[in-house]
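Student: My structure is stored as upload.cif, with mmCIF, C-alpha atoms.
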data_upload
loop_
_atom_site.label_atom_id
_atom_site.label_comp_id
_atom_site.auth_asym_id
_atom_site.auth_seq_id
_atom_site.Cartn_x
_atom_site.Cartn_y
_atom_site.Cartn_z
CA HIS A 72 48.38 56.06 41.62
CA HIS A 73 46.50 55.85 44.91
CA SER A 74 45.17 52.57 46.22
CA PRO A 75 41.38 52.42 45.94
CA VAL A 76 39.29 54.27 48.52
CA HIS A 77 38.37 51.08 50.37
CA CYS A 78 42.00 50.02 50.82
CA ARG A 79 42.55 52.84 53.27
CA LEU A 80 40.21 51.07 55.69
CA ARG A 81 42.37 47.99 56.04
CA SER A 82 45.06 48.12 58.66
CA THR A 83 46.83 45.00 57.37
CA GLY A 84 47.90 43.70 54.00
CA LYS A 85 49.29 45.69 51.11
CA CYS A 86 47.11 48.76 51.69
CA ARG A 87 48.40 51.30 54.16
CA SER A 88 45.96 53.07 56.44
CA ASP A 89 46.44 56.75 57.17
CA ILE A 90 45.92 56.49 60.91
CA GLU A 91 46.81 53.71 63.28
CA GLY A 92 44.47 51.88 65.62
CA THR A 93 40.72 52.17 65.64
CA PHE A 94 38.97 54.58 63.32
CA ALA A 95 36.80 57.34 64.68
CA VAL A 96 33.29 57.81 63.28
CA ASN A 97 34.59 60.52 60.94
CA GLN A 98 37.68 58.58 59.97
CA ILE A 99 40.29 60.46 57.94
CA ASP A 100 40.41 57.75 55.28
CA LEU A 101 39.67 59.74 52.12
CA ASN A 102 42.91 61.75 52.09
CA GLY A 103 44.00 62.53 48.54
CA ARG A 104 40.59 61.65 47.17
CA VAL A 105 38.50 64.03 45.07
CA ALA A 106 34.69 64.03 45.10
CA VAL A 107 32.39 65.79 42.64
CA ILE A 108 28.93 66.39 44.13
CA THR A 109 26.06 67.77 42.05
CA GLY A 110 23.38 69.86 43.74
CA GLY A 111 25.98 70.42 46.43
CA ALA A 112 24.92 73.84 47.69
CA GLN A 113 22.26 72.60 50.11
CA GLY A 114 20.42 69.61 51.53
CA ILE A 115 21.79 66.12 50.94
CA GLY A 116 24.59 67.30 48.64
CA TYR A 117 25.84 69.76 51.24
CA ALA A 118 25.70 67.13 54.02
CA ALA A 119 27.62 64.67 51.83
CA ALA A 120 30.25 67.35 51.11
CA GLU A 121 30.59 68.02 54.83
CA ARG A 122 31.21 64.34 55.61
CA MET A 123 33.65 63.92 52.69
CA LEU A 124 35.68 66.95 53.77
CA LYS A 125 35.79 65.71 57.39
CA SER A 126 37.09 62.40 56.05
CA GLY A 127 39.95 64.13 54.24
CA ALA A 128 38.66 64.38 50.68
CA SER A 129 38.74 67.46 48.46
CA VAL A 130 35.30 68.37 47.14
CA VAL A 131 34.04 70.02 43.97
CA LEU A 132 30.46 71.26 44.33
CA TRP A 133 28.29 71.77 41.27
CA ASP A 134 25.03 73.65 41.53
CA ILE A 135 22.80 75.90 39.44
CA ASP A 136 22.20 78.38 42.30
CA ALA A 137 25.23 80.71 42.29
CA ASP A 138 24.33 82.51 45.56
CA ARG A 139 23.75 79.36 47.61
CA LEU A 140 26.84 77.82 46.06
CA ALA A 141 29.00 80.76 47.17
CA GLN A 142 27.59 80.51 50.70
CA ALA A 143 28.20 76.74 50.80
CA GLU A 144 31.76 77.13 49.53
CA THR A 145 32.51 79.71 52.24
CA ALA A 146 30.95 77.65 55.03
CA LEU A 147 32.60 74.38 53.98
CA SER A 148 36.04 75.84 53.30
CA THR A 149 36.75 75.74 57.06
CA LEU A 150 36.69 71.92 56.79
CA GLY A 151 38.99 71.42 53.83
CA LYS A 152 39.58 72.03 50.15
CA VAL A 153 36.31 72.86 48.42
CA LYS A 154 35.54 74.49 45.07
CA GLY A 155 32.10 75.55 43.86
CA GLN A 156 31.15 75.72 40.21
CA VAL A 157 27.90 76.81 38.58
CA VAL A 158 26.91 74.04 36.17
CA GLU A 159 23.75 73.59 34.09
CA LEU A 160 23.35 69.81 34.14
CA THR A 161 20.92 69.70 31.22
CA VAL A 162 23.65 71.07 28.92
CA GLU A 163 26.09 68.36 27.88
CA ALA A 164 28.84 70.85 27.01
CA ASP A 165 28.59 72.35 30.52
CA ILE A 166 29.09 68.93 32.12
CA GLU A 167 32.07 68.17 29.88
CA ALA A 168 33.67 71.57 30.57
CA ALA A 169 33.11 71.30 34.35
CA THR A 170 34.56 67.76 34.38
CA LYS A 171 37.67 69.06 32.59
CA ASP A 172 37.90 71.93 35.12
CA ALA A 173 37.76 69.47 38.04
CA MET A 174 40.51 67.39 36.42
CA ALA A 175 42.61 70.50 35.76
CA LEU A 176 42.24 71.54 39.40
CA HIS A 177 42.84 68.17 41.09
CA GLY A 178 44.18 65.79 38.44
CA ARG A 179 41.71 63.08 39.47
CA ILE A 180 38.10 62.25 40.30
CA ASP A 181 37.56 59.37 42.73
CA ILE A 182 33.97 59.86 43.80
CA LEU A 183 30.95 61.13 41.89
CA VAL A 184 27.72 61.87 43.76
CA ASN A 185 24.80 62.48 41.40
CA ASN A 186 22.60 64.32 43.88
CA ALA A 187 21.03 67.13 41.82
CA GLY A 188 17.39 66.46 41.03
CA ALA A 189 14.07 68.05 40.20
CA THR A 190 10.46 67.31 41.01
CA GLU A 191 6.97 68.54 40.35
CA ILE A 192 3.98 67.94 42.62
CA VAL A 193 1.13 66.42 40.59
CA ALA A 194 -1.57 64.13 42.05
CA HIS A 195 -1.12 60.63 40.63
CA ASP A 196 -4.70 60.51 39.34
CA ASP A 197 -4.30 63.85 37.54
CA LEU A 198 -2.92 62.43 34.31
CA ALA A 199 -3.47 65.62 32.31
CA GLY A 200 -1.51 67.56 34.95
CA ALA A 201 1.56 65.38 34.33
CA THR A 202 2.33 67.06 31.00
CA PRO A 203 4.93 65.81 28.51
CA GLU A 204 6.90 68.98 29.33
CA ILE A 205 7.11 67.91 32.99
CA TRP A 206 8.15 64.38 31.98
CA ARG A 207 10.91 65.71 29.72
CA ARG A 208 12.22 68.20 32.29
CA LEU A 209 12.36 65.63 35.09
CA TYR A 210 13.97 62.98 32.89
CA ASP A 211 16.53 65.52 31.65
CA ILE A 212 17.77 66.28 35.16
CA ASN A 213 17.02 63.02 37.03
CA VAL A 214 17.97 60.41 34.42
CA ILE A 215 19.91 61.84 31.48
CA ALA A 216 22.20 64.23 33.39
CA PRO A 217 23.60 61.52 35.72
CA PHE A 218 24.31 59.30 32.71
CA VAL A 219 26.04 62.12 30.81
CA LEU A 220 28.11 62.90 33.90
CA VAL A 221 29.23 59.30 34.43
CA THR A 222 30.15 59.20 30.73
CA ALA A 223 32.21 62.40 31.05
CA ALA A 224 33.96 61.19 34.21
CA GLU A 225 34.39 57.53 33.21
CA GLN A 226 38.09 57.69 32.32
CA ALA A 227 38.98 59.63 35.47
CA LEU A 228 36.92 57.31 37.69
CA ARG A 229 38.50 54.22 36.10
CA ALA A 230 42.01 55.59 36.63
CA ALA A 231 41.19 56.19 40.31
CA ASP A 232 39.35 52.88 40.97
CA GLY A 233 36.49 55.24 41.75
CA CYS A 234 32.82 55.00 42.50
CA VAL A 235 29.50 56.62 41.72
CA VAL A 236 26.64 57.16 44.16
CA ASN A 237 23.30 58.23 42.70
CA ILE A 238 20.75 59.86 45.01
CA THR A 239 17.40 58.50 43.86
CA SER A 240 14.22 58.08 45.91
CA LEU A 241 11.94 55.59 47.61
CA ALA A 242 9.45 56.89 45.02
CA GLY A 243 11.48 54.95 42.44
CA VAL A 244 10.99 51.70 44.40
CA LYS A 245 7.43 51.94 45.75
CA GLN A 246 4.22 53.27 44.22
CA LEU A 247 4.47 56.72 45.79
CA GLY A 248 6.11 60.09 45.24
CA SER A 249 5.35 63.71 44.43
CA SER A 250 4.25 62.84 40.88
CA ILE A 251 4.25 59.90 38.47
CA PRO A 252 6.91 61.50 36.22
CA TYR A 253 9.15 62.01 39.28
CA ALA A 254 8.67 58.46 40.58
CA ALA A 255 9.23 56.99 37.12
CA SER A 256 12.40 59.07 36.65
CA LYS A 257 13.80 57.81 39.95
CA ALA A 258 12.91 54.20 39.03
CA ALA A 259 14.83 54.78 35.79
CA CYS A 260 17.83 56.09 37.72
CA ASN A 261 17.71 53.07 40.06
CA HIS A 262 17.81 50.71 37.10
CA GLN A 263 20.49 52.79 35.39
CA THR A 264 22.54 52.31 38.58
CA ARG A 265 22.34 48.51 38.25
CA LEU A 266 23.05 48.56 34.52
CA LEU A 267 26.09 50.83 34.93
CA ALA A 268 27.44 48.72 37.81
CA LYS A 269 27.38 45.73 35.50
CA ALA A 270 28.85 47.64 32.56
CA LEU A 271 31.62 49.51 34.40
CA GLY A 272 32.95 46.85 36.79
CA PRO A 273 35.50 45.96 37.95
CA GLY A 274 37.11 49.41 37.76
CA ILE A 275 34.13 51.54 38.83
CA ARG A 276 31.48 50.75 41.43
CA VAL A 277 28.01 52.26 41.01
CA ASN A 278 25.37 52.35 43.76
CA ALA A 279 22.35 54.42 44.74
CA VAL A 280 20.78 55.73 47.91
CA ALA A 281 16.98 55.91 47.79
CA PRO A 282 15.80 58.19 50.60
CA GLY A 283 12.26 58.47 51.89
CA LEU A 284 11.17 61.87 53.14
CA VAL A 285 14.17 64.11 53.90
CA ASP A 286 13.97 67.50 55.63
CA THR A 287 15.59 69.82 53.08
CA PRO A 288 14.81 73.27 51.64
CA TRP A 289 12.97 71.26 48.95
CA THR A 290 10.42 69.66 51.27
CA VAL A 291 8.73 72.80 52.60
CA GLY A 292 5.03 73.56 52.21
CA ALA A 293 1.58 72.05 52.72
CA TYR A 294 2.10 68.90 50.60
CA TRP A 295 5.30 68.01 52.43
CA ASP A 296 3.89 68.85 55.88
CA GLU A 297 1.01 66.45 55.28
CA LEU A 298 3.42 63.72 54.18
CA ARG A 299 5.70 64.40 57.16
CA ALA A 300 2.76 63.94 59.54
CA VAL A 301 2.13 60.49 58.03
CA VAL A 302 5.81 59.53 58.25
CA VAL A 303 6.07 60.65 61.88
CA ALA A 304 2.84 58.85 62.82
CA LEU A 305 3.28 55.58 60.95
CA SER A 306 6.83 54.80 59.81
CA PRO A 307 8.79 52.42 62.10
CA LEU A 308 11.38 55.05 63.09
CA ARG A 309 8.69 57.74 63.55
CA ARG A 310 10.60 60.58 61.91
CA SER A 311 11.66 61.97 58.57
CA ALA A 312 15.34 61.90 57.60
CA THR A 313 17.94 64.61 58.05
CA PRO A 314 20.27 65.26 55.11
CA ASP A 315 23.05 63.78 57.25
CA ASP A 316 21.15 60.47 57.57
CA VAL A 317 21.39 60.19 53.79
CA ALA A 318 25.00 61.44 53.65
CA GLU A 319 25.97 58.69 56.11
CA ALA A 320 24.68 56.08 53.65
CA VAL A 321 26.57 57.78 50.80
CA LEU A 322 29.83 57.49 52.74
CA PHE A 323 29.06 53.85 53.57
CA LEU A 324 28.76 53.08 49.85
CA VAL A 325 31.93 55.04 49.03
CA ARG A 326 33.83 52.93 51.57
CA SER A 327 32.29 49.53 50.79
CA SER A 328 34.68 47.91 48.34
CA TYR A 329 32.54 44.84 47.58
CA VAL A 330 29.20 46.59 47.11
CA THR A 331 28.05 47.53 43.62
CA GLY A 332 24.73 47.73 41.78
CA GLN A 333 22.79 48.25 45.00
CA VAL A 334 19.92 50.64 45.74
CA VAL A 335 19.99 51.28 49.49
CA GLU A 336 16.69 52.51 50.89
CA VAL A 337 17.27 55.09 53.64
CA ASP A 338 13.69 55.66 54.66
CA GLY A 339 13.26 54.92 58.36
CA GLY A 340 11.18 51.91 57.34
CA LEU A 341 8.63 53.97 55.38
CA GLY A 342 8.79 51.48 52.49
CA LEU A 343 7.60 48.69 54.81
CA LEU A 344 4.16 50.27 55.14
CA PRO A 345 1.34 48.75 53.05
#
What is this structure when it is put down as structure tokens?

Tutor:
Amino acid sequence: HHSPVHCRLRSTGKCRSDIEGTFAVNQIDLNGRVAVITGGAQGIGYAAAERMLKSGASVVLWDIDADRLAQAETALSTLGKVKGQVVELTVEADIEAATKDAMALHGRIDILVNNAGATEIVAHDDLAGATPEIWRRLYDINVIAPFVLVTAAEQALRAADGCVVNITSLAGVKQLGSSIPYAASKAACNHQTRLLAKALGPGIRVNAVAPGLVDTPWTVGAYWDELRAVVVALSPLRRSATPDDVAEAVLFLVRSSYVTGQVVEVDGGLGLLP
């Protein structure tokens, strides 16, 4: 039984650290740890995988896009032990089978990053455009899938003193976002994060990162370009986020032993605007 992730950061006391002296930015402190990352083939999930591998963890990437997943697995394999698996997150049996596969491969799951998500661009005043079908699809992937996955991985995470990081959105905190169903689904995931932190402690920590606008393959096109212009002009840090900006916050939450139930806004100050 490994000591919890956070113990590897202490150089004194009962927890042994893997390297002596000061830690580099990419500290090798996740040796022996196993991370499952959904939507891991690109964007934030890929950046998180990259940072985890550089920190010594083994990574299991789940994605629905088989081609991108194969490319990601090849590219990331130079950094460490990575396995890609095609998983349909709206199918409970798929999640359960993939969780069993990860356990069969590694014997443990320490870190779960619920990064996979879906959106639909619908103007907030276009109520008829936000159809029940859109609501159901976005809730299926953004709210229900993360809950099903935590449920499937609960025993493994508890055995490992593990943690969950949900990737949500500033749209779930402020009155903005690509559509009302999307924003509402992310608000639901933020609250689910707090509820699960309370329910699963002390053995499992649960936190969320709520990014503002992130430059990913997702955020391409006229709607996003218009939004990016606003972010660059008005937000305090005058730029949109890179996937690595978000991944950095994910790693912070993985390493922070006394933080649970928090939704960390990684938005360059965008949420401060009126």

Student: How many Å lie between atom CA of A:Leu344 and atom CA of A:Ser306, rounded to one decimal?

Tutor: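 Atom CA of A:Ser306 lies 7.0 Å from atom CA of A:Leu344.
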
Student: Applying 10 Å and all atoms listed in the file, which residues near stretch 252-269 of chain A remain after dropping the ones on its own chain fewer than 4 positions away? List them as a PyMOL selection string.

Tutor: chain A and resi 188-193+195+201-203+205-215+217-218+221+234-248+273-281+330-335

Student: Can you list what the PyMOL selection byres ((chain A and resi 119-131) around 6) grabs from this structure, as a VMD selection string?

Tutor: chain A and resid 97 to 102 104 to 107 116 to 118 132 150 to 155 318

Student: Contacts of stretch 338-341 of chain A at 6 Å or less, counting all atoms listed in the file, minus same-chain residues fewer than 4 places along, as a count of residues only?

Tutor: 5

Student: Rounded to one decimal, what separation in Å do you get between atom CA of A:Gln226 and atom CA of A:Ile180?

Tutor: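 These two atoms are separated by 9.2 Å.
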
Student: Please, what distance in Å, to one decimal, runs between atom CA of A:Gly342 and atom CA of A:Ala304?

Tutor: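 Between atom CA of A:Gly342 and atom CA of A:Ala304 the gap is 14.0 Å.
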
Student: If the PyMOL selection byres ((chain A and resi 174) around 12) were run on this exact file, what residues would it hold? Put them as a list in words.

Tutor: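 On the file shown, the PyMOL selection byres ((chain A and resi 174) around 12) covers Val105, Ala106, Val107, Val130, Val131, Glu167, Ala168, Ala169, Thr170, Lys171, Asp172, Ala173, Ala175, Leu176, His177, Gly178, Arg179, Ile180, Asp181, Ala223, Ala224, Gln226, Ala227, Leu228, Ala230 and Ala231 of chain A.
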
Student: Which residue out of A:Ala112, A:Val337, A:Val219, A:Leu322 has the minimum interatomic distance to A:Leu284 when all atoms listed in the file are used?

Tutor: A:Val337

Student: Applying the PyMOL selection byres ((chain A and resi 314) around 6) to the file I just gave you, which residues come out? Please list them as a list in words.

Tutor: Gly114, Ile115, Ala118, Thr313, Asp315, Asp316 and Val317 of chain A

Student: Generate the output file for the selected residues, C-alpha atoms, as a short mmCIF file (atom, residue, chain, number, x, y, z; two decimals), in the coordinates of the input.

Tutor:
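As written to disk, selection.cif reads:
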data_model
loop_
_atom_site.label_atom_id
_atom_site.label_comp_id
_atom_site.auth_asym_id
_atom_site.auth_seq_id
_atom_site.Cartn_x
_atom_site.Cartn_y
_atom_site.Cartn_z
CA GLY A 114 20.42 69.61 51.53
CA ILE A 115 21.79 66.12 50.94
CA ALA A 118 25.70 67.13 54.02
CA THR A 313 17.94 64.61 58.05
CA ASP A 315 23.05 63.78 57.25
CA ASP A 316 21.15 60.47 57.57
CA VAL A 317 21.39 60.19 53.79
#

Student: Place N, CA and C atoms on stretch 311-332 of chain A and deliver the coordinates as a CSV table (one decimal), keeping the file's coordinate frame.

Tutor:
chain,number,residue,atom,x,y,z
A,311,SER,N,11.1,61.8,59.9
A,311,SER,CA,11.7,62.0,58.6
A,311,SER,C,13.2,62.0,58.7
A,312,ALA,N,13.9,61.9,57.6
A,312,ALA,CA,15.3,61.9,57.6
A,312,ALA,C,15.9,63.3,57.7
A,313,THR,N,17.1,63.4,58.2
A,313,THR,CA,17.9,64.6,58.0
A,313,THR,C,18.8,64.4,56.8
A,314,PRO,N,19.3,65.5,56.2
A,314,PRO,CA,20.3,65.3,55.1
A,314,PRO,C,21.5,64.4,55.5
A,315,ASP,N,21.9,64.5,56.8
A,315,ASP,CA,23.0,63.8,57.2
A,315,ASP,C,22.8,62.3,57.3
A,316,ASP,N,21.5,61.9,57.6
A,316,ASP,CA,21.2,60.5,57.6
A,316,ASP,C,21.5,59.9,56.2
A,317,VAL,N,21.2,60.7,55.2
A,317,VAL,CA,21.4,60.2,53.8
A,317,VAL,C,22.9,60.2,53.5
A,318,ALA,N,23.6,61.3,53.9
A,318,ALA,CA,25.0,61.4,53.6
A,318,ALA,C,25.8,60.3,54.3
A,319,GLU,N,25.3,59.8,55.4
A,319,GLU,CA,26.0,58.7,56.1
A,319,GLU,C,25.9,57.4,55.2
A,320,ALA,N,24.8,57.2,54.6
A,320,ALA,CA,24.7,56.1,53.6
A,320,ALA,C,25.6,56.3,52.4
A,321,VAL,N,25.7,57.5,51.9
A,321,VAL,CA,26.6,57.8,50.8
A,321,VAL,C,28.0,57.4,51.1
A,322,LEU,N,28.5,57.8,52.3
A,322,LEU,CA,29.8,57.5,52.7
A,322,LEU,C,30.0,56.0,52.9
A,323,PHE,N,29.0,55.3,53.4
A,323,PHE,CA,29.1,53.8,53.6
A,323,PHE,C,29.3,53.2,52.2
A,324,LEU,N,28.6,53.7,51.2
A,324,LEU,CA,28.8,53.1,49.8
A,324,LEU,C,30.1,53.4,49.2
A,325,VAL,N,30.6,54.6,49.5
A,325,VAL,CA,31.9,55.0,49.0
A,325,VAL,C,33.0,54.1,49.6
A,326,ARG,N,32.8,53.7,50.9
A,326,ARG,CA,33.8,52.9,51.6
A,326,ARG,C,33.7,51.4,51.4
A,327,SER,N,32.6,51.0,50.8
A,327,SER,CA,32.3,49.5,50.8
A,327,SER,C,32.8,48.9,49.5
A,328,SER,N,34.0,48.3,49.5
A,328,SER,CA,34.7,47.9,48.3
A,328,SER,C,34.0,46.8,47.6
A,329,TYR,N,33.1,46.0,48.2
A,329,TYR,CA,32.5,44.8,47.6
A,329,TYR,C,31.1,45.0,47.3
A,330,VAL,N,30.6,46.3,47.4
A,330,VAL,CA,29.2,46.6,47.1
A,330,VAL,C,29.1,47.4,45.8
A,331,THR,N,28.3,46.8,44.9
A,331,THR,CA,28.0,47.5,43.6
A,331,THR,C,26.7,47.1,43.1
A,332,GLY,N,26.0,48.0,42.4
A,332,GLY,CA,24.7,47.7,41.8
A,332,GLY,C,23.6,47.7,42.8
